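All remarks here apply to the structure that follows.
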Protein chains: 2
Amino acid sequence: MVKFSEEAKSLHASDIREILKVTENPEIISFAGGLPAPELFPIDEMMKVDVEILKKEGRQAVQYSTTEGYVPLRKQIAKRMKTSFHTDCTYEDIIITAGSQQGLSLLGQLFLNEGDIVLVESPTYMGATTAFAVNFPQFVEVETDDKGMVPEALEAAIEKYGDRVRLMYVIPEFQNPTGITWPLERRQAIMDIMNKHDIPIIEDDPYGELRYEGETMPTLKSLDTQGNVIFLGSFSKIFMPGLRIGWMVAAHDILEKAVMLKQTVDLQTSSFAQRQASYYIDMYDLDAHVKQIRDLYGKRRTLMYDSMKKYFPEGVSFTYPEGGLFTWVTLPEGLDAKAMMPEVIEKKVAYVPGGAFYPNGGNANHFRLNYSNMPEDRIVEGIKRLAEVLKEKIGK
Amino acid sequence: MVKFSEEAKSLHASDIREILKVTENPEIISFAGGLPAPELFPIDEMMKVDVEILKKEGRQAVQYSTTEGYVPLRKQIAKRMKTSFHTDCTYEDIIITAGSQQGLSLLGQLFLNEGDIVLVESPTYMGATTAFAVNFPQFVEVETDDKGMVPEALEAAIEKYGDRVRLMYVIPEFQNPTGITWPLERRQAIMDIMNKHDIPIIEDDPYGELRYEGETMPTLKSLDTQGNVIFLGSFSKIFMPGLRIGWMVAAHDILEKAVMLKQTVDLQTSSFAQRQASYYIDMYDLDAHVKQIRDLYGKRRTLMYDSMKKYFPEGVSFTYPEGGLFTWVTLPEGLDAKAMMPEVIEKKVAYVPGGAFYPNGGNANHFRLNYSNMPEDRIVEGIKRLAEVLKEKIGK
């Protein structure tokens, strides 16, 4: 038997991965994943896009290219950062990544030594904590209420841990897993604190363009006076996840390190896939496409919310997300959503147990629901089935 | 200023990257990169391939998919491992990576703790050593002659360093940078030693199918009795590098860890790009395409070799590669190929100074030449220009 590194030894199959495998059974109404609705993928348009790329650029579109990414795409993203995210930047402030997951992985490596502290919301996105975990940091969950991270708790954590705090990771917009959005005052209060410290802040914003109601909020990046915010964006939820195209907006000293690290990691993101996003934006109307997504997901969000209100028993609460893909369900204390999984799967429905989103454990009485990937009739039916299990549990 | 991790601090812009930037000037005859000849990319065929993928699979081709990779492609690779590499495996022994560079990066993380020893050829591929370097290992360069790594030197290194040796990295076929191929007896002798130890061996083989003469050799993987060899293959040199599709063949316990790590790193390789390789193999004749590449590169290899023989001054020696993309030039002791770069660039020609391929430094009197990316007339002209500089240096 070969000997693995400490890092390799720390890797374990995730619960969620195992759950997602079960939900591949098409009989199961799965609210577990975070998949976009495939019926909206612009497949016919992509046939034209792909041919146009090869006609116009031919060989260059499939040759090696730079680690930073395809310049026309970076320019298009800079423009969208302004129009969609109210954030000023130029293409030189942007690099292309293999989805925002790669951004998370690179940044964990760039900022974390063993034992360093990462401040996160509680709960937080498990894909981020698993990406950071290979560097053996300590996760400090900062108190989080229905308006996001609590400023007083953040201040207390920074005071308590001082220099050991080396990174903050947050999703202020339609958070994964809770669906919560930080209001303007909260963003300003958090940035007032963070602008006084030299702590890099990852603002993960894969869903920012999927707002179904209310007003667009300024990004943390746009409130950042020190160049410490690193914004991660993605085409996965507004275009096509299988292309693996995301981006990172950051100060030049950070981008420079990210590029050097990315070069050792995969040299560059697919030359062709970058052009697929870029040519689509040129040839079609991505904003109109995003509006279609918003219309559909907004409807599904409302339907899931209304169904939960109608069918879930008393004592169960859930969030009302203004955008994004997820809603978060809280059960009475003492119930364990993971332990309930076999009964839930038995009813041919699935969620992700909430405990996985707390890096320090506990909090078993939650689960996450996704509403983007299931057609309307299955949403209602799935919520009914879940309600049956919940009634049995709470009735006892 | 934010504080970077120790890993980030260790990252520095590579010399080669700076050289490659200079060589983007089209006036320069560049033997510096390792780029495939773009004129052979099957662009017309790819238009049909892309449309067929979208017609046949549509949404699934751009949706999230598994970390392990697209099963039909893995099956095609398993078949090619048999026909092209004489190595038996099934698709379950294979995962898809974002080029073999990602394979190197994942394996460095899976096997290396700080201070652990990696055994490498001397010289060795710098893209591998920079990928491993983020884990702070110690590189031990094992004596390497014109037949590859020297078995006695390998045995001595293992005896000297014992348990600290945690990884071996080699390119037995048309090595980068030297172009050297290990003969059969050498492969057997090395594997006789390695089969007695539990040390993982990375066999990096991006050029194996590009043999211009002589017989195909058994891979180390096919001589491996202990399941310790990890074979890395790539479509970059036989198809299109910009798609970023490579593969890893390894024992299941290793693949399992690699998949868990890859999931944190980028979730998966592009669903669409994997299908581009797979559908091309289905719809066209990849072997016939590879033969075209072999014919062209073989001609260029011979032309570069003959030109060096004709024009290079006495005292300069160079390898005769039976395949691959590179030849390796050795100057008289005391000459410094890196220091000569300004004069070389002045003549509008470029190479990669050899020192970068020795992780422990020294050996300034070498450089690497690539012959795959330049048309015939520029190869001759470039070698003439280099010869002028060399004559001046050696004349003095």
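Going through the structure tokens in order, the chains are called A, B, and so on, while each chain numbers its residues from 1 and the ligands are numbered from 1 in the order shown.
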
Please identify every residue of chain B that has at least one atom no more than 6 Å from any atom of chain A, counting only C-alpha atoms, and report them as JSON, numbers by chain.
-> {"B": [2, 4, 5, 8, 38, 47, 51, 59, 62, 63, 64, 101, 102, 105, 110, 111, 112, 113, 131, 198, 199, 240, 241, 242, 243, 244, 264, 265, 266, 270, 271]}

Find the spatial neighbours of Leu184 (chain B), counting only C-alpha atoms, within a cut-off of 9 Å - ignore same-chain residues fewer than 4 positions away - and output them as a list in words.
->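 Residues meeting the cut-off are Gln188, Ala189, Met217 and Pro218 of chain B.
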
Nearest residue to Val150 (chain A) from the set A:Val118, A:Ile190, A:Val170, A:Ile96 (distances using only C-alpha atoms) = A:Ile190

Identify which of the residues B:Leu331, B:Ile202, B:Leu119, B:Ala156 lies closest to Glu141 (chain B), counting only C-alpha atoms when measuring atom-to-atom distances.
-> B:Leu119

Test item: residues at most 12 Å from Val22 (chain A), only C-alpha atoms, excluding those fewer than 3 positions along its chain, as a list of chain:residue names |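 Listed by chain and then number, they are A:Asp15, A:Ile16, A:Arg17, A:Glu18, A:Ile19, A:Asn25, A:Pro26, A:Glu27, A:Ile28, A:Ile29, A:Ser30, A:Ala32, A:Gly33, A:Met341, A:Pro342, A:Val344, A:Ile345, A:Glu346, A:Lys348, A:Val349, A:Ala350, A:Tyr351, A:Val352.
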
Mind writing the picked residues with N, CA, C and O atoms as a PDB file, in the first residue's frame?
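Output saved as out18.pdb:
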ATOM      1  N   ASP A  15     -21.217  13.035   2.378  1.00  0.00           N
ATOM      2  CA  ASP A  15     -22.587  12.535   2.534  1.00  0.00           C
ATOM      3  C   ASP A  15     -23.429  12.907   1.325  1.00  0.00           C
ATOM      4  O   ASP A  15     -24.183  12.114   0.787  1.00  0.00           O
ATOM      5  N   ILE A  16     -23.253  14.164   0.926  1.00  0.00           N
ATOM      6  CA  ILE A  16     -24.096  14.700  -0.131  1.00  0.00           C
ATOM      7  C   ILE A  16     -23.892  13.953  -1.423  1.00  0.00           C
ATOM      8  O   ILE A  16     -24.820  13.661  -2.158  1.00  0.00           O
ATOM      9  N   ARG A  17     -22.627  13.638  -1.692  1.00  0.00           N
ATOM     10  CA  ARG A  17     -22.321  12.895  -2.897  1.00  0.00           C
ATOM     11  C   ARG A  17     -23.065  11.562  -2.888  1.00  0.00           C
ATOM     12  O   ARG A  17     -23.611  11.142  -3.904  1.00  0.00           O
ATOM     13  N   GLU A  18     -23.087  10.935  -1.746  1.00  0.00           N
ATOM     14  CA  GLU A  18     -23.780   9.650  -1.644  1.00  0.00           C
ATOM     15  C   GLU A  18     -25.283   9.847  -1.863  1.00  0.00           C
ATOM     16  O   GLU A  18     -25.940   9.076  -2.549  1.00  0.00           O
ATOM     17  N   ILE A  19     -25.815  10.931  -1.281  1.00  0.00           N
ATOM     18  CA  ILE A  19     -27.243  11.228  -1.457  1.00  0.00           C
ATOM     19  C   ILE A  19     -27.545  11.495  -2.928  1.00  0.00           C
ATOM     20  O   ILE A  19     -28.515  11.006  -3.491  1.00  0.00           O
ATOM     21  N   ASN A  25     -31.806   8.077  -9.505  1.00  0.00           N
ATOM     22  CA  ASN A  25     -32.995   7.299  -9.821  1.00  0.00           C
ATOM     23  C   ASN A  25     -34.118   8.269 -10.218  1.00  0.00           C
ATOM     24  O   ASN A  25     -34.554   9.084  -9.414  1.00  0.00           O
ATOM     25  N   PRO A  26     -34.580   8.181 -11.486  1.00  0.00           N
ATOM     26  CA  PRO A  26     -35.531   9.194 -11.968  1.00  0.00           C
ATOM     27  C   PRO A  26     -36.888   9.148 -11.268  1.00  0.00           C
ATOM     28  O   PRO A  26     -37.657  10.105 -11.355  1.00  0.00           O
ATOM     29  N   GLU A  27     -37.173   8.071 -10.557  1.00  0.00           N
ATOM     30  CA  GLU A  27     -38.424   8.009  -9.785  1.00  0.00           C
ATOM     31  C   GLU A  27     -38.417   8.978  -8.610  1.00  0.00           C
ATOM     32  O   GLU A  27     -39.467   9.330  -8.074  1.00  0.00           O
ATOM     33  N   ILE A  28     -37.219   9.338  -8.183  1.00  0.00           N
ATOM     34  CA  ILE A  28     -37.120  10.188  -6.990  1.00  0.00           C
ATOM     35  C   ILE A  28     -37.274  11.654  -7.354  1.00  0.00           C
ATOM     36  O   ILE A  28     -36.668  12.135  -8.315  1.00  0.00           O
ATOM     37  N   ILE A  29     -38.126  12.352  -6.632  1.00  0.00           N
ATOM     38  CA  ILE A  29     -38.265  13.800  -6.797  1.00  0.00           C
ATOM     39  C   ILE A  29     -37.142  14.425  -5.970  1.00  0.00           C
ATOM     40  O   ILE A  29     -37.189  14.438  -4.747  1.00  0.00           O
ATOM     41  N   SER A  30     -36.114  14.892  -6.675  1.00  0.00           N
ATOM     42  CA  SER A  30     -34.941  15.337  -5.928  1.00  0.00           C
ATOM     43  C   SER A  30     -34.900  16.851  -5.779  1.00  0.00           C
ATOM     44  O   SER A  30     -34.794  17.586  -6.755  1.00  0.00           O
ATOM     45  N   ALA A  32     -32.443  17.766  -3.889  1.00  0.00           N
ATOM     46  CA  ALA A  32     -31.145  17.686  -3.215  1.00  0.00           C
ATOM     47  C   ALA A  32     -30.034  18.438  -3.951  1.00  0.00           C
ATOM     48  O   ALA A  32     -29.232  19.129  -3.337  1.00  0.00           O
ATOM     49  N   GLY A  33     -29.977  18.328  -5.268  1.00  0.00           N
ATOM     50  CA  GLY A  33     -28.866  18.936  -6.007  1.00  0.00           C
ATOM     51  C   GLY A  33     -28.978  20.442  -6.092  1.00  0.00           C
ATOM     52  O   GLY A  33     -29.796  21.071  -5.416  1.00  0.00           O
ATOM     53  N   MET A 341     -33.406  10.590   6.523  1.00  0.00           N
ATOM     54  CA  MET A 341     -33.212  10.357   5.087  1.00  0.00           C
ATOM     55  C   MET A 341     -33.780   9.023   4.576  1.00  0.00           C
ATOM     56  O   MET A 341     -34.439   8.995   3.536  1.00  0.00           O
ATOM     57  N   PRO A 342     -33.551   7.899   5.277  1.00  0.00           N
ATOM     58  CA  PRO A 342     -34.087   6.637   4.745  1.00  0.00           C
ATOM     59  C   PRO A 342     -35.605   6.689   4.553  1.00  0.00           C
ATOM     60  O   PRO A 342     -36.116   6.235   3.521  1.00  0.00           O
ATOM     61  N   VAL A 344     -37.371   9.376   4.050  1.00  0.00           N
ATOM     62  CA  VAL A 344     -37.632  10.340   2.983  1.00  0.00           C
ATOM     63  C   VAL A 344     -37.410   9.686   1.607  1.00  0.00           C
ATOM     64  O   VAL A 344     -38.251   9.788   0.705  1.00  0.00           O
ATOM     65  N   ILE A 345     -36.291   8.986   1.484  1.00  0.00           N
ATOM     66  CA  ILE A 345     -35.974   8.295   0.228  1.00  0.00           C
ATOM     67  C   ILE A 345     -37.037   7.227  -0.067  1.00  0.00           C
ATOM     68  O   ILE A 345     -37.432   7.025  -1.217  1.00  0.00           O
ATOM     69  N   GLU A 346     -37.484   6.570   0.973  1.00  0.00           N
ATOM     70  CA  GLU A 346     -38.566   5.578   0.865  1.00  0.00           C
ATOM     71  C   GLU A 346     -39.806   6.187   0.189  1.00  0.00           C
ATOM     72  O   GLU A 346     -40.486   5.537  -0.611  1.00  0.00           O
ATOM     73  N   LYS A 348     -39.660   8.409  -1.978  1.00  0.00           N
ATOM     74  CA  LYS A 348     -39.193   8.844  -3.304  1.00  0.00           C
ATOM     75  C   LYS A 348     -39.092  10.362  -3.426  1.00  0.00           C
ATOM     76  O   LYS A 348     -39.597  10.983  -4.372  1.00  0.00           O
ATOM     77  N   VAL A 349     -38.475  10.950  -2.436  1.00  0.00           N
ATOM     78  CA  VAL A 349     -38.197  12.382  -2.458  1.00  0.00           C
ATOM     79  C   VAL A 349     -36.853  12.574  -1.743  1.00  0.00           C
ATOM     80  O   VAL A 349     -36.418  11.675  -1.003  1.00  0.00           O
ATOM     81  N   ALA A 350     -36.160  13.681  -1.994  1.00  0.00           N
ATOM     82  CA  ALA A 350     -34.829  13.847  -1.390  1.00  0.00           C
ATOM     83  C   ALA A 350     -34.497  15.315  -1.134  1.00  0.00           C
ATOM     84  O   ALA A 350     -34.945  16.204  -1.866  1.00  0.00           O
ATOM     85  N   TYR A 351     -33.727  15.556  -0.076  1.00  0.00           N
ATOM     86  CA  TYR A 351     -33.184  16.879   0.242  1.00  0.00           C
ATOM     87  C   TYR A 351     -31.740  16.692   0.671  1.00  0.00           C
ATOM     88  O   TYR A 351     -31.257  15.555   0.751  1.00  0.00           O
ATOM     89  N   VAL A 352     -31.046  17.791   0.985  1.00  0.00           N
ATOM     90  CA  VAL A 352     -29.727  17.655   1.596  1.00  0.00           C
ATOM     91  C   VAL A 352     -29.851  17.983   3.081  1.00  0.00           C
ATOM     92  O   VAL A 352     -30.274  19.090   3.434  1.00  0.00           O
TER      93      VAL A 352
END

Do you have the CA of Phe85 (chain B)-CA of Val140 (chain B) distance handy?
->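 Pair CA of Phe85 (chain B) / CA of Val140 (chain B) returns 28.3 Å.
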
So which residues touch Lys310 (chain A) within 10 Å, counting only C-alpha atoms, skipping near sequence neighbours fewer than 4 positions away, as a list of chain:residue names?
-> A:Met304, A:Tyr305, A:Asp306, A:Ile383, A:Lys384, A:Ala387

What would the file look like if the residues just selected were written as a PDB file, in the first residue's frame with N, CA and C atoms?
ATOM      1  N   MET A 304     -42.997  26.384  -4.515  1.00  0.00           N
ATOM      2  CA  MET A 304     -42.467  25.569  -3.419  1.00  0.00           C
ATOM      3  C   MET A 304     -42.817  26.210  -2.073  1.00  0.00           C
ATOM      4  N   TYR A 305     -42.677  27.533  -2.001  1.00  0.00           N
ATOM      5  CA  TYR A 305     -42.974  28.245  -0.758  1.00  0.00           C
ATOM      6  C   TYR A 305     -44.450  28.065  -0.381  1.00  0.00           C
ATOM      7  N   ASP A 306     -45.327  28.288  -1.362  1.00  0.00           N
ATOM      8  CA  ASP A 306     -46.762  28.145  -1.097  1.00  0.00           C
ATOM      9  C   ASP A 306     -47.124  26.715  -0.698  1.00  0.00           C
ATOM     10  N   ILE A 383     -43.239  18.132  -2.179  1.00  0.00           N
ATOM     11  CA  ILE A 383     -43.483  18.792  -0.887  1.00  0.00           C
ATOM     12  C   ILE A 383     -44.563  18.045  -0.100  1.00  0.00           C
ATOM     13  N   LYS A 384     -45.565  17.557  -0.798  1.00  0.00           N
ATOM     14  CA  LYS A 384     -46.600  16.743  -0.119  1.00  0.00           C
ATOM     15  C   LYS A 384     -45.973  15.513   0.544  1.00  0.00           C
ATOM     16  N   ALA A 387     -44.047  16.466   3.500  1.00  0.00           N
ATOM     17  CA  ALA A 387     -44.962  16.847   4.571  1.00  0.00           C
ATOM     18  C   ALA A 387     -45.459  15.614   5.331  1.00  0.00           C
TER      19      ALA A 387
END

Test item: residues at most 9 Å from Trp328 (chain B), only C-alpha atoms, excluding those fewer than 6 positions along its chain, as number ranges by chain | B: 176-180, 317-321, 354, 366-370

Out of region 186-369 of chain A, which residues get alpha helix (DSSP H) from DSSP, as an MDAnalysis selection string?
-> chainID A and resid 186:194 252:266 271:283 286:311 341:346

Pick out the residues sitting within 6 Å of Ala337 (chain B), and hand them over as a list in words; count only C-alpha atoms, and ignore anything fewer than 2 positions along from it in its own chain.
->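 Once the nearby chain positions are removed, what remains is Ala339, Met340, Pro353, Ala364 and Asn365 of chain B.
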
Those same residues - C-alpha atoms - I'd like them written as a compact mmCIF listing (two decimals), in the first residue's frame.
# COMPACT_ATOMS: atom_id res chain seq x y z
CA ALA B 339 22.75 34.32 -20.07
CA MET B 340 22.87 33.92 -23.86
CA PRO B 353 17.38 27.50 -21.21
CA ALA B 364 23.30 26.08 -17.25
CA ASN B 365 24.97 24.69 -20.39

Apply DSSP to the backbone of this structure and, from region 275-372 of chain A, keep only the residues in strand (DSSP E); write these as number ranges by chain.
-> A: 317-318, 326-330, 349-350, 352-353, 366-370

Residues of region 278-357 of chain A at most 10 Å from region 391-394 of chain A: nearest atom pair and distance in Å, only C-alpha atoms, as JSON lines:
{"residue": "A:Tyr311", "atom": "CA", "partner": "A:Lys391", "partner_atom": "CA", "distance": 9.3}
{"residue": "A:Phe312", "atom": "CA", "partner": "A:Lys391", "partner_atom": "CA", "distance": 7.5}
{"residue": "A:Pro313", "atom": "CA", "partner": "A:Lys391", "partner_atom": "CA", "distance": 5.9}
{"residue": "A:Glu314", "atom": "CA", "partner": "A:Ile394", "partner_atom": "CA", "distance": 8.6}
{"residue": "A:Gly315", "atom": "CA", "partner": "A:Ile394", "partner_atom": "CA", "distance": 8.1}
{"residue": "A:Val316", "atom": "CA", "partner": "A:Ile394", "partner_atom": "CA", "distance": 9.1}
{"residue": "A:Leu331", "atom": "CA", "partner": "A:Ile394", "partner_atom": "CA", "distance": 8.9}
{"residue": "A:Pro332", "atom": "CA", "partner": "A:Ile394", "partner_atom": "CA", "distance": 8.0}
{"residue": "A:Leu335", "atom": "CA", "partner": "A:Lys393", "partner_atom": "CA", "distance": 7.9}
{"residue": "A:Asp336", "atom": "CA", "partner": "A:Lys393", "partner_atom": "CA", "distance": 9.9}
{"residue": "A:Met340", "atom": "CA", "partner": "A:Lys393", "partner_atom": "CA", "distance": 8.8}

Serialized selection, N, CA, C and O atoms, as a short mmCIF file (atom, residue, chain, number, x, y, z; two decimals), in the first residue's frame:
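Saved as part_37.cif:
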data_model
loop_
_atom_site.label_atom_id
_atom_site.label_comp_id
_atom_site.auth_asym_id
_atom_site.auth_seq_id
_atom_site.Cartn_x
_atom_site.Cartn_y
_atom_site.Cartn_z
N TYR A 311 -48.76 22.58 3.16
CA TYR A 311 -48.70 21.18 3.57
C TYR A 311 -47.82 20.90 4.79
O TYR A 311 -48.04 19.91 5.48
N PHE A 312 -46.79 21.71 5.03
CA PHE A 312 -45.88 21.38 6.15
C PHE A 312 -46.59 21.60 7.48
O PHE A 312 -47.37 22.55 7.63
N PRO A 313 -46.35 20.74 8.45
CA PRO A 313 -47.01 20.88 9.75
C PRO A 313 -46.47 22.07 10.54
O PRO A 313 -45.39 22.59 10.23
N GLU A 314 -47.19 22.50 11.53
CA GLU A 314 -46.74 23.58 12.40
C GLU A 314 -45.44 23.17 13.10
O GLU A 314 -45.21 21.99 13.34
N GLY A 315 -44.62 24.17 13.39
CA GLY A 315 -43.36 23.86 14.05
C GLY A 315 -42.21 23.76 13.06
O GLY A 315 -41.04 23.75 13.44
N VAL A 316 -42.54 23.71 11.76
CA VAL A 316 -41.51 23.69 10.71
C VAL A 316 -41.45 25.08 10.07
O VAL A 316 -42.50 25.61 9.66
N LEU A 331 -36.46 22.41 11.34
CA LEU A 331 -37.39 21.52 12.05
C LEU A 331 -37.33 21.82 13.54
O LEU A 331 -36.38 22.47 14.01
N PRO A 332 -38.31 21.36 14.28
CA PRO A 332 -38.22 21.53 15.73
C PRO A 332 -36.91 20.91 16.25
O PRO A 332 -36.44 19.90 15.72
N LEU A 335 -35.17 17.03 16.17
CA LEU A 335 -35.32 16.23 14.95
C LEU A 335 -33.99 16.23 14.18
O LEU A 335 -33.25 17.20 14.21
N ASP A 336 -33.74 15.12 13.49
CA ASP A 336 -32.45 14.96 12.80
C ASP A 336 -32.73 14.65 11.32
O ASP A 336 -33.15 13.55 10.97
N MET A 340 -33.48 11.09 9.20
CA MET A 340 -34.77 10.91 8.52
C MET A 340 -34.63 10.49 7.06
O MET A 340 -35.62 10.12 6.41
#

Please, what distance in Å, to one decimal, runs between CA of Glu24 (chain B) and CA of Ile77 (chain A)?
->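 Between CA of Glu24 (chain B) and CA of Ile77 (chain A) the gap works out to 25.1 Å.
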
Tell me, as a PyMOL selection string, which residues lie within 10 Å of Ser372 (chain A), counting only C-alpha atoms; anything in the same chain fewer than 5 positions away does not count.
-> chain A and resi 31+33-38+237+293-294+296-301+324-326+379

Atomic separation - CA of Ala356 (chain B) relative to CA of Glu322 (chain B), Å = 23.3 Å

Nearest-residue call for Leu154 (chain A), choices A:Glu185, A:Asp224, A:Glu215, A:Asp192, using only C-alpha atoms |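 For Leu154 (chain A), the nearest of the candidates is A:Asp192.
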
Return the single residue from A:Asp287, A:Asp205, A:Glu92, A:Glu213 that is closest to Arg80 (chain A), with distances computed using only C-alpha atoms.
->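 Among the listed residues, the smallest separation from Arg80 (chain A) belongs to A:Asp287.
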